[in-house]
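Trainee: Can you read through this structure? Questions will come right after.
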Number of protein chains: 2
Amino acid sequence: MLTCYACERRFETGQRCDCGEPLWVDTDPAGIAWPDRDGVWAFGDLLPVERPPDGLAAAAGGTPLVRTPALDVDGARVHVKLEGTNPTGSFKDRGSAVGVAAAVAAGTDTVGTVSHGNMAASMAAHAAGADLDCVVLVPADIPEARLGRIATYGPRIVRVDGDYGRLYHDALALAPAAGVEFVVSDSPLRVAGQKTTTLEVLRAFAAGEASGAGDGAAPSPSVPDAVVLPVSSGGHASAAWKAVREASAAGLLDDPPRLYFVQAAACAPVARAFERGDEAVTRLAPEEVGETVAYSIANADPPSGTRALAAARDTGGADLAVDDDAVADPQRDLAGAGLRVEAASATPLAAVGTLRELSAVDRGEHVVCVATGVGYGSGSTAVDAETVARADLGAALGVE
Amino acid sequence: MLTCYACERRFETGQRCDCGEPLWVDTDPAGIAWPDRDGVWAFGDLLPVERPPDGLAAAAGGTPLVRTPALDVDGARVHVKLEGTNPTGSFKDRGSAVGVAAAVAAGTDTVGTVSHGNMAASMAAHAAGADLDCVVLVPADIPEARLGRIATYGPRIVRVDGDYGRLYHDALALAPAAGVEFVVSDSPLRVAGQKTTTLEVLRAFAAGEASGAGDGAAPSPSVPDAVVLPVSSGGHASAAWKAVREASAAGLLDDPPRLYFVQAAACAPVARAFERGDEAVTRLAPEEVGETVAYSIANADPPSGTRALAAARDTGGADLAVDDDAVADPQRDLAGAGLRVEAASATPLAAVGTLRELSAVDRGEHVVCVATGVGYGSGSTAVDAETVARADLGAALGVE
C-alpha cells in the first residue's frame, strides 16, 4: 500500500496522489528495533521487499559515518556520511536496489529512469545486476563522458530532444502502456531505499558508534542534533523525513534530529518557498535559473519539493541555499580531510557555516553532513609537482 | 615485533629481513573470535593499532561480498568481493588506514609511498585524513589524469626521472634519514591492513552470509573453497596468506581455502616462477615485459613475489597468468552484472576460467574473486544511444 503524506489518501499502486503529491510506501514500524549493522537490507522490515535478489542489490548501503574534527564549524561537531562508497559511487544505489528488487519480485522485465548522472548509472547497474532490461532517458545534449559512465552497464539509452524537465512526467504517464517500471528520483520504491541513509545515521548514533576518538570524555549523543542533505528533486529529503518518522513511531528516537536541505543558490526553488513561507514549491522560470558547480542538484521543478518543505518544517529544520562561492572552500576542506566528493556533496558543509552564523546550529551540536556522491571523473585538480632525477631523490627529501 | 615468514627471525623495527624477504607484523590470534561485522577495525585485535584515529581511517574496509550466479564459470560458484567501494576506490585504503594510524600512534609527521595509481591516491587521502604530511614518488612520465586524482588530496608529489622499479628500494633506504615513514606496497603495516580483505571474506562465510538467494537449498559452506586475487608486488597476496594463517591459528578454519594469485601474462614473474617450480621469484628483464590492459598489476620485480609463491604453495593454490584477450570478456561480464571494475580486477574471474579448464576448481565450488579497484576514470565505453524528439518518446517506448 501507498500513502500520501499530505492528504493521507491510500493507494494500491501508482507514484503520485490525486492531490498531486508523491506517495510513500506504507510501513509498520511498531516493534522495530535497531539492527546490529548497516546496509540497505539490514532494514528489510521497513522495506517493500525484505531481502535482495542475488547480485549487486545486496551491496547497496552500509556506508561509513566518519567523525571529522578537522571539518568542525565554529564548535559544531561535523560527521560525514560517505555515500560515495556505494557500488556506483552515490546514494542512488540504495533506491535503485530496492526499486529493482521490487521489480524482480513483481515479475517486471524492464525498469527505467530519467537521469543524466548518478541515478542513471545506478539504475543501469542495478538493472544489469538483476538481469532486467533498462531504459535511461537522457537529455540530447548530455556530455559524452557522462554518457560513457552510464553505458558501462549496457542499458538502452534514449537521448530525448526537448524540455528535459518535463520528461519526469512524460515517463510516468507512458510507463503503463510502455511496460516500463520507471523508478524516478522520488518514486515510492526509490524513496523507500533512500531512507536507509538516514536510518543508518540514526542507528550509528543510537549504538554509540558516532563518537570521535578525539572527543574524549564527551561521548556523542544517542541522536544527532541535525542531519544536512543536498536537495534536488526532494526524493532523498523526503526519505530522510520518512526515516525520522519511522524511527519515532518505533519509539527509537527521544529527540528527533532537525533536517536541513540545501540547494545551490543559482537554482533554489525549495529554499525560496521556505524563505517566503509558501505552502508549496513553485517551478522556477528559465530566467530565474543560473549555472552552478553543483549541477547534479540543480532542479528547477522538483517533484518532491513541497514534501521537502514539509519535512524541514516538521522537524524544526530549514530549506536553504548556498552560493557557489561558499561551496569551493568546503569541497577543498573535505578533500583536505581525505574525502573526495562532488560539488553538490559539499553543499551541506557549506550550509553548516550558514547555520552557525544564524545560530540555527549551536556550538557543541553534532551535525551529520551527507556527502551523496564521490564524483569520480568530475572536475579536475591543478597539479603542483616537482621533478627530480633518481640520483637526486635523497636531496629532494632533505637527506644530506 | 616483526617476523620474517621465511627464516622466522624477529625484529623490533624495519620492513625487510636480513635474508632479504619482507616482514610481517606479529599477532596473537589465540582466542580470537569472528567479529559480528566487517570493516578494517572490526579486526583490531589482529592489528598493530587497535582503534583508528578520527577521520577517514575509520571508513576503510567493510566492503560487500556479492554472490553473482550470472558470473558462475562452468558450475563454479562465483562471489565478488567489491573492494572498489572503499573510500578512494580500491583495497589500498585498508593498508593506508593501518599505516597512517600506526604513524599517528608513533608520533610520525610524514608518511610516503611509491605509486602512480590506487596506492598513491589512497595514501595521500589517508595522510590528509590524519593531518600528516605525505610524499608521493611517481614516475616522471605519469599521465596528467592519474596525477590529478592523487593531487586531489594535496600531498607533495615528486616525479622521479630514472628507473622507477628501483624507487621502492631507494625509498626504504632513504626513509630513516629523510624522516619519512614509507608505507609501500608490501610494508608490514600495509600488509596488516590488507589482510582484512580476506578476514572479511572468511568471516562472511563463517557467518553463513555468503549464500545466494538463488542457491536455495544449497547453503554456502562455512569456508570458501578458493580465493582469487590479482598479484602485483605480492603485498595483498601475502596479506591473504597471513589472514588464512591467523584464522587457522585461532581455530576458526576447518579447511582453509586455496589461494590463487593472478598476473597479466605480459608481466608475470611470479606465475613464471610458480610454473618453473623455482624457490624464488626473479626480476623480469625489460625485454621480457610487454604492455597490458591490467597495467596496475604489471610489476616486473615484485618485492613480495617470493612470498606470494610460498602463499600459493602452502595453501594448495597457484600463481597463474592470464592473457589480455582473456580479461576483456570477464571485465564486460562484470559490468554486465552491474559491477564496474578496472581491468586488473577482472583477472581473477578470467583465472577462474583457466582453473575450471584445468579442473583445479571443481563444479559446485565456491570461489571468491577479489575485485580490487573500481577504476573510475579508467577506460572508456563505446556508447550506442538513439536520439528522439520528446513528442516521439512514446513511439520509441513502443506505445501506440
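Within each chain, counting starts at residue 1; across the C-alpha cells, chains are named A, B, ... in the order shown, with ligands numbered 1 upward in that order.
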Please produce, as a tab-separated table, a per-residue contact table for region 329-379 of chain A versus region 99-123 of chain A (criterion: any atom at most 10 Å away, only C-alpha atoms considered), showing the nearest atom pair and its distance in Å to one decimal, sorted by chain then residue number.

Mentor:
residue	atom	partner	partner_atom	distance
A:Thr372	CA	A:Asn118	CA	9.6
A:Gly373	CA	A:Asn118	CA	7.8
A:Val374	CA	A:Asn118	CA	9.8
A:Gly375	CA	A:Asn118	CA	8.9

Trainee: Mind listing as a ChimeraX atom specification which residues of chain B are within 7 Å of chain A, counting only C-alpha atoms?

Mentor: /B:37,53-56,58-59,64,66-68,85-87,125-126,128-129,140,148,151-154,157-162,174,177-178,212-214,335-338,376-377,380-383,385-390,394,397-399

Trainee: Please produce a file of the residues just selected, as a PDB file, in the first residue's frame, where the atoms kept are C-alpha atoms.

Mentor:
ATOM      1  CA  ARG B  37      30.526  -7.221  11.336  1.00  0.00           C
ATOM      2  CA  PRO B  53      42.152   7.943  14.774  1.00  0.00           C
ATOM      3  CA  ASP B  54      39.265  10.251  13.842  1.00  0.00           C
ATOM      4  CA  GLY B  55      38.587  10.816  10.196  1.00  0.00           C
ATOM      5  CA  LEU B  56      38.985   8.772   7.056  1.00  0.00           C
ATOM      6  CA  ALA B  58      37.675   4.642  10.281  1.00  0.00           C
ATOM      7  CA  ALA B  59      35.978   4.287   6.894  1.00  0.00           C
ATOM      8  CA  PRO B  64      30.324  -6.086   0.138  1.00  0.00           C
ATOM      9  CA  VAL B  66      28.284 -10.351  -3.584  1.00  0.00           C
ATOM     10  CA  ARG B  67      27.050 -13.733  -4.758  1.00  0.00           C
ATOM     11  CA  THR B  68      26.829 -13.433  -8.541  1.00  0.00           C
ATOM     12  CA  THR B  85      33.637   0.570  -2.538  1.00  0.00           C
ATOM     13  CA  ASN B  86      36.485   1.644  -0.270  1.00  0.00           C
ATOM     14  CA  PRO B  87      36.674   5.431   0.226  1.00  0.00           C
ATOM     15  CA  ALA B 125      43.874  10.671   1.245  1.00  0.00           C
ATOM     16  CA  HIS B 126      44.581   8.842   4.487  1.00  0.00           C
ATOM     17  CA  ALA B 128      45.252  14.088   4.754  1.00  0.00           C
ATOM     18  CA  GLY B 129      42.598  12.457   6.913  1.00  0.00           C
ATOM     19  CA  ALA B 140      58.291  11.312 -14.460  1.00  0.00           C
ATOM     20  CA  GLY B 148      45.159  14.823 -10.794  1.00  0.00           C
ATOM     21  CA  ALA B 151      46.730  15.729  -6.238  1.00  0.00           C
ATOM     22  CA  THR B 152      43.113  15.989  -5.048  1.00  0.00           C
ATOM     23  CA  TYR B 153      44.291  15.283  -1.523  1.00  0.00           C
ATOM     24  CA  GLY B 154      47.197  17.747  -1.537  1.00  0.00           C
ATOM     25  CA  ILE B 157      54.237  14.877  -5.373  1.00  0.00           C
ATOM     26  CA  VAL B 158      57.736  14.184  -6.647  1.00  0.00           C
ATOM     27  CA  ARG B 159      58.152  12.983 -10.212  1.00  0.00           C
ATOM     28  CA  VAL B 160      61.312  10.919 -10.302  1.00  0.00           C
ATOM     29  CA  ASP B 161      63.214  10.613 -13.533  1.00  0.00           C
ATOM     30  CA  GLY B 162      65.010   7.281 -13.695  1.00  0.00           C
ATOM     31  CA  LEU B 174      66.301   6.935   2.423  1.00  0.00           C
ATOM     32  CA  ALA B 177      67.390   9.891   7.207  1.00  0.00           C
ATOM     33  CA  ALA B 178      64.529  11.609   5.419  1.00  0.00           C
ATOM     34  CA  GLY B 212      22.991 -16.533  -2.623  1.00  0.00           C
ATOM     35  CA  ALA B 213      19.208 -16.244  -2.699  1.00  0.00           C
ATOM     36  CA  GLY B 214      19.193 -18.328  -5.856  1.00  0.00           C
ATOM     37  CA  ALA B 335      29.946  -4.650 -15.890  1.00  0.00           C
ATOM     38  CA  GLY B 336      27.031  -6.623 -17.333  1.00  0.00           C
ATOM     39  CA  ALA B 337      26.311  -7.741 -13.778  1.00  0.00           C
ATOM     40  CA  GLY B 338      26.439  -4.121 -12.607  1.00  0.00           C
ATOM     41  CA  TYR B 376      36.651   5.267 -12.146  1.00  0.00           C
ATOM     42  CA  GLY B 377      38.291   7.393 -14.766  1.00  0.00           C
ATOM     43  CA  SER B 380      36.029   4.390 -21.877  1.00  0.00           C
ATOM     44  CA  THR B 381      32.846   2.752 -23.045  1.00  0.00           C
ATOM     45  CA  ALA B 382      31.568   2.897 -26.581  1.00  0.00           C
ATOM     46  CA  VAL B 383      28.138   4.466 -26.452  1.00  0.00           C
ATOM     47  CA  ALA B 385      22.407   5.764 -27.920  1.00  0.00           C
ATOM     48  CA  GLU B 386      19.473   6.750 -30.068  1.00  0.00           C
ATOM     49  CA  THR B 387      18.024  10.283 -30.148  1.00  0.00           C
ATOM     50  CA  VAL B 388      14.316  11.056 -30.289  1.00  0.00           C
ATOM     51  CA  ALA B 389      12.212  14.210 -30.065  1.00  0.00           C
ATOM     52  CA  ARG B 390      10.235  14.472 -26.832  1.00  0.00           C
ATOM     53  CA  GLY B 394       6.004   7.177 -26.618  1.00  0.00           C
ATOM     54  CA  LEU B 397       8.984   3.089 -25.988  1.00  0.00           C
ATOM     55  CA  GLY B 398       6.575   1.050 -28.082  1.00  0.00           C
ATOM     56  CA  VAL B 399       3.444   2.944 -27.030  1.00  0.00           C
TER      57      VAL B 399
END

Trainee: Would you mind writing down, as a PyMOL selection string, each residue of region 72-291 of chain A that DSSP on the backbone assigns to strand (DSSP E)?

Mentor: chain A and resi 77-82+110-114+133-139+156-161+181-182+226-230+258-264

Trainee: Could you check which of B:Ala250, B:Val73, B:Ala294, B:Cys369 is closest to Ala30 (chain B), using only C-alpha atoms?

Mentor: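 The shortest atom-to-atom distance to Ala30 (chain B) comes from B:Ala250.
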
Trainee: List every residue of region 201-277 of chain B that DSSP, applied to the backbone of this structure, places in helix (DSSP H, G or I), and write the result as an NGL selection string.

Mentor: :B and (201-206 or 213-215 or 235-249 or 265-267 or 269-276)

Trainee: Please indicate the distance in Å from CA of Arg77 (chain A) to CA of Arg363 (chain A), rounded to one decimal place.

Mentor: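 These two atoms are separated by 7.8 Å.
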
Trainee: Leaving out Asp255 (chain B) and any residue of its chain fewer than 3 positions from it, which residues lie within 12 Å of it when counting only C-alpha atoms, given as a list in words?

Mentor: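 Surrounding residues, per the criterion: Leu202, Ala206, Pro221, Ser222, Val223, Pro224, Asp225, Ala226, Val244, Arg245, Ala247, Ser248, Gly251, Leu252, Arg258, Thr315 and Gly316 of chain B.
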
Trainee: In Å, with one decimal, what is the gap from CA of Gln263 (chain A) to CA of Val98 (chain A)?

Mentor: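 So the two atoms, CA of Gln263 (chain A) and CA of Val98 (chain A), lie 25.9 Å apart.
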
Trainee: Leaving out region 43-47 of chain B and any residue of its chain fewer than 3 positions from it, which residues lie within 8 Å of it when counting only C-alpha atoms, given as a ChimeraX atom specification?

Mentor: /B:27-29,32,35,39-40,50-51,98,192-193,196

Trainee: Write the residues of the selection above to a file with all heavy atoms, as a PDB file, in the first residue's frame.

Mentor:
ATOM      1  N   THR B  27      51.308 -11.133  15.425  1.00  0.00           N
ATOM      2  CA  THR B  27      49.989 -11.063  16.045  1.00  0.00           C
ATOM      3  C   THR B  27      49.815 -12.256  16.969  1.00  0.00           C
ATOM      4  O   THR B  27      50.585 -13.221  16.891  1.00  0.00           O
ATOM      5  CB  THR B  27      48.857 -11.114  14.999  1.00  0.00           C
ATOM      6  OG1 THR B  27      49.015 -12.320  14.223  1.00  0.00           O
ATOM      7  CG2 THR B  27      48.880  -9.912  14.082  1.00  0.00           C
ATOM      8  N   ASP B  28      48.804 -12.191  17.801  1.00  0.00           N
ATOM      9  CA  ASP B  28      48.484 -13.322  18.677  1.00  0.00           C
ATOM     10  C   ASP B  28      47.031 -13.714  18.448  1.00  0.00           C
ATOM     11  O   ASP B  28      46.119 -13.208  19.101  1.00  0.00           O
ATOM     12  CB  ASP B  28      48.704 -12.922  20.142  1.00  0.00           C
ATOM     13  CG  ASP B  28      48.369 -14.082  21.078  1.00  0.00           C
ATOM     14  OD1 ASP B  28      48.184 -15.215  20.586  1.00  0.00           O
ATOM     15  OD2 ASP B  28      48.289 -13.842  22.296  1.00  0.00           O
ATOM     16  N   PRO B  29      46.802 -14.623  17.501  1.00  0.00           N
ATOM     17  CA  PRO B  29      45.411 -14.961  17.160  1.00  0.00           C
ATOM     18  C   PRO B  29      44.728 -15.860  18.186  1.00  0.00           C
ATOM     19  O   PRO B  29      43.515 -16.079  18.058  1.00  0.00           O
ATOM     20  CB  PRO B  29      45.548 -15.708  15.823  1.00  0.00           C
ATOM     21  CG  PRO B  29      46.967 -15.525  15.381  1.00  0.00           C
ATOM     22  CD  PRO B  29      47.768 -15.307  16.632  1.00  0.00           C
ATOM     23  N   ILE B  32      40.971 -15.517  19.487  1.00  0.00           N
ATOM     24  CA  ILE B  32      40.210 -14.555  18.679  1.00  0.00           C
ATOM     25  C   ILE B  32      38.944 -15.218  18.130  1.00  0.00           C
ATOM     26  O   ILE B  32      38.980 -16.349  17.668  1.00  0.00           O
ATOM     27  CB  ILE B  32      41.073 -14.062  17.488  1.00  0.00           C
ATOM     28  CG1 ILE B  32      42.271 -13.264  17.999  1.00  0.00           C
ATOM     29  CG2 ILE B  32      40.247 -13.260  16.499  1.00  0.00           C
ATOM     30  CD1 ILE B  32      41.944 -11.920  18.541  1.00  0.00           C
ATOM     31  N   PRO B  35      34.425 -11.273  14.530  1.00  0.00           N
ATOM     32  CA  PRO B  35      33.564 -10.154  14.932  1.00  0.00           C
ATOM     33  C   PRO B  35      32.190 -10.324  14.282  1.00  0.00           C
ATOM     34  O   PRO B  35      32.015 -11.171  13.410  1.00  0.00           O
ATOM     35  CB  PRO B  35      34.295  -8.924  14.381  1.00  0.00           C
ATOM     36  CG  PRO B  35      35.121  -9.442  13.243  1.00  0.00           C
ATOM     37  CD  PRO B  35      35.488 -10.866  13.590  1.00  0.00           C
ATOM     38  N   GLY B  39      34.695  -4.402   8.288  1.00  0.00           N
ATOM     39  CA  GLY B  39      35.428  -3.150   8.467  1.00  0.00           C
ATOM     40  C   GLY B  39      36.811  -3.468   8.994  1.00  0.00           C
ATOM     41  O   GLY B  39      36.996  -4.399   9.778  1.00  0.00           O
ATOM     42  N   VAL B  40      37.811  -2.691   8.558  1.00  0.00           N
ATOM     43  CA  VAL B  40      39.191  -2.938   8.984  1.00  0.00           C
ATOM     44  C   VAL B  40      39.275  -3.068  10.501  1.00  0.00           C
ATOM     45  O   VAL B  40      39.889  -3.986  11.042  1.00  0.00           O
ATOM     46  CB  VAL B  40      40.113  -1.805   8.492  1.00  0.00           C
ATOM     47  CG1 VAL B  40      41.461  -1.829   9.218  1.00  0.00           C
ATOM     48  CG2 VAL B  40      40.315  -1.902   6.979  1.00  0.00           C
ATOM     49  N   GLU B  50      44.828  -0.815  17.544  1.00  0.00           N
ATOM     50  CA  GLU B  50      43.504  -1.433  17.679  1.00  0.00           C
ATOM     51  C   GLU B  50      42.354  -0.562  17.209  1.00  0.00           C
ATOM     52  O   GLU B  50      41.328  -1.056  16.762  1.00  0.00           O
ATOM     53  CB  GLU B  50      43.262  -1.843  19.134  1.00  0.00           C
ATOM     54  CG  GLU B  50      43.995  -3.127  19.495  1.00  0.00           C
ATOM     55  CD  GLU B  50      43.519  -3.716  20.803  1.00  0.00           C
ATOM     56  OE1 GLU B  50      42.339  -3.524  21.161  1.00  0.00           O
ATOM     57  OE2 GLU B  50      44.342  -4.352  21.483  1.00  0.00           O
ATOM     58  N   ARG B  51      42.526   0.770  17.373  1.00  0.00           N
ATOM     59  CA  ARG B  51      41.434   1.673  17.012  1.00  0.00           C
ATOM     60  C   ARG B  51      41.948   2.763  16.079  1.00  0.00           C
ATOM     61  O   ARG B  51      43.088   3.193  16.199  1.00  0.00           O
ATOM     62  CB  ARG B  51      40.851   2.321  18.272  1.00  0.00           C
ATOM     63  CG  ARG B  51      39.944   1.393  19.084  1.00  0.00           C
ATOM     64  CD  ARG B  51      39.520   2.053  20.392  1.00  0.00           C
ATOM     65  NE  ARG B  51      38.920   3.358  20.156  1.00  0.00           N
ATOM     66  CZ  ARG B  51      37.630   3.537  19.828  1.00  0.00           C
ATOM     67  NH1 ARG B  51      36.822   2.514  19.734  1.00  0.00           N
ATOM     68  NH2 ARG B  51      37.151   4.747  19.616  1.00  0.00           N
ATOM     69  N   VAL B  98      45.703   1.535   8.199  1.00  0.00           N
ATOM     70  CA  VAL B  98      46.513   0.983   9.295  1.00  0.00           C
ATOM     71  C   VAL B  98      47.891   1.649   9.326  1.00  0.00           C
ATOM     72  O   VAL B  98      48.405   1.994  10.395  1.00  0.00           O
ATOM     73  CB  VAL B  98      46.629  -0.551   9.156  1.00  0.00           C
ATOM     74  CG1 VAL B  98      47.627  -1.114  10.157  1.00  0.00           C
ATOM     75  CG2 VAL B  98      45.253  -1.193   9.366  1.00  0.00           C
ATOM     76  N   ALA B 192      49.375  -5.640   7.118  1.00  0.00           N
ATOM     77  CA  ALA B 192      48.491  -5.867   8.273  1.00  0.00           C
ATOM     78  C   ALA B 192      47.080  -5.373   7.967  1.00  0.00           C
ATOM     79  O   ALA B 192      46.090  -6.026   8.296  1.00  0.00           O
ATOM     80  CB  ALA B 192      49.042  -5.164   9.505  1.00  0.00           C
ATOM     81  N   GLY B 193      46.979  -4.217   7.318  1.00  0.00           N
ATOM     82  CA  GLY B 193      45.665  -3.717   6.941  1.00  0.00           C
ATOM     83  C   GLY B 193      45.039  -4.532   5.826  1.00  0.00           C
ATOM     84  O   GLY B 193      43.848  -4.860   5.856  1.00  0.00           O
ATOM     85  N   THR B 196      42.775  -7.717   6.073  1.00  0.00           N
ATOM     86  CA  THR B 196      41.360  -7.667   6.449  1.00  0.00           C
ATOM     87  C   THR B 196      40.417  -7.921   5.260  1.00  0.00           C
ATOM     88  O   THR B 196      39.260  -8.288   5.461  1.00  0.00           O
ATOM     89  CB  THR B 196      40.988  -6.327   7.122  1.00  0.00           C
ATOM     90  OG1 THR B 196      41.224  -5.244   6.224  1.00  0.00           O
ATOM     91  CG2 THR B 196      41.791  -6.127   8.394  1.00  0.00           C
TER      92      THR B 196
END

Trainee: Calculate how many Å separate CA of Ala300 (chain B) from CA of Leu284 (chain B), rounding to one decimal.

Mentor: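 Distance reported for this atom pair: 5.1 Å.
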
Trainee: Rank nothing, just name the residue among A:Leu309, A:Pro269, A:Asp301, A:Ala280 nearest to Tyr168 (chain A), using only C-alpha atoms.

Mentor: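 Under the stated criterion, the closest residue is A:Asp301.
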
Trainee: Excluding Ala344 (chain A) and residues on its chain fewer than 4 positions from it, collect all residues at most 7 Å away from it, counting only C-alpha atoms, and give them as a list of chain:residue names.

Mentor: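 Within the cut-off, the hits are A:Pro230, A:Ala294, A:Ser296, A:Ile297.
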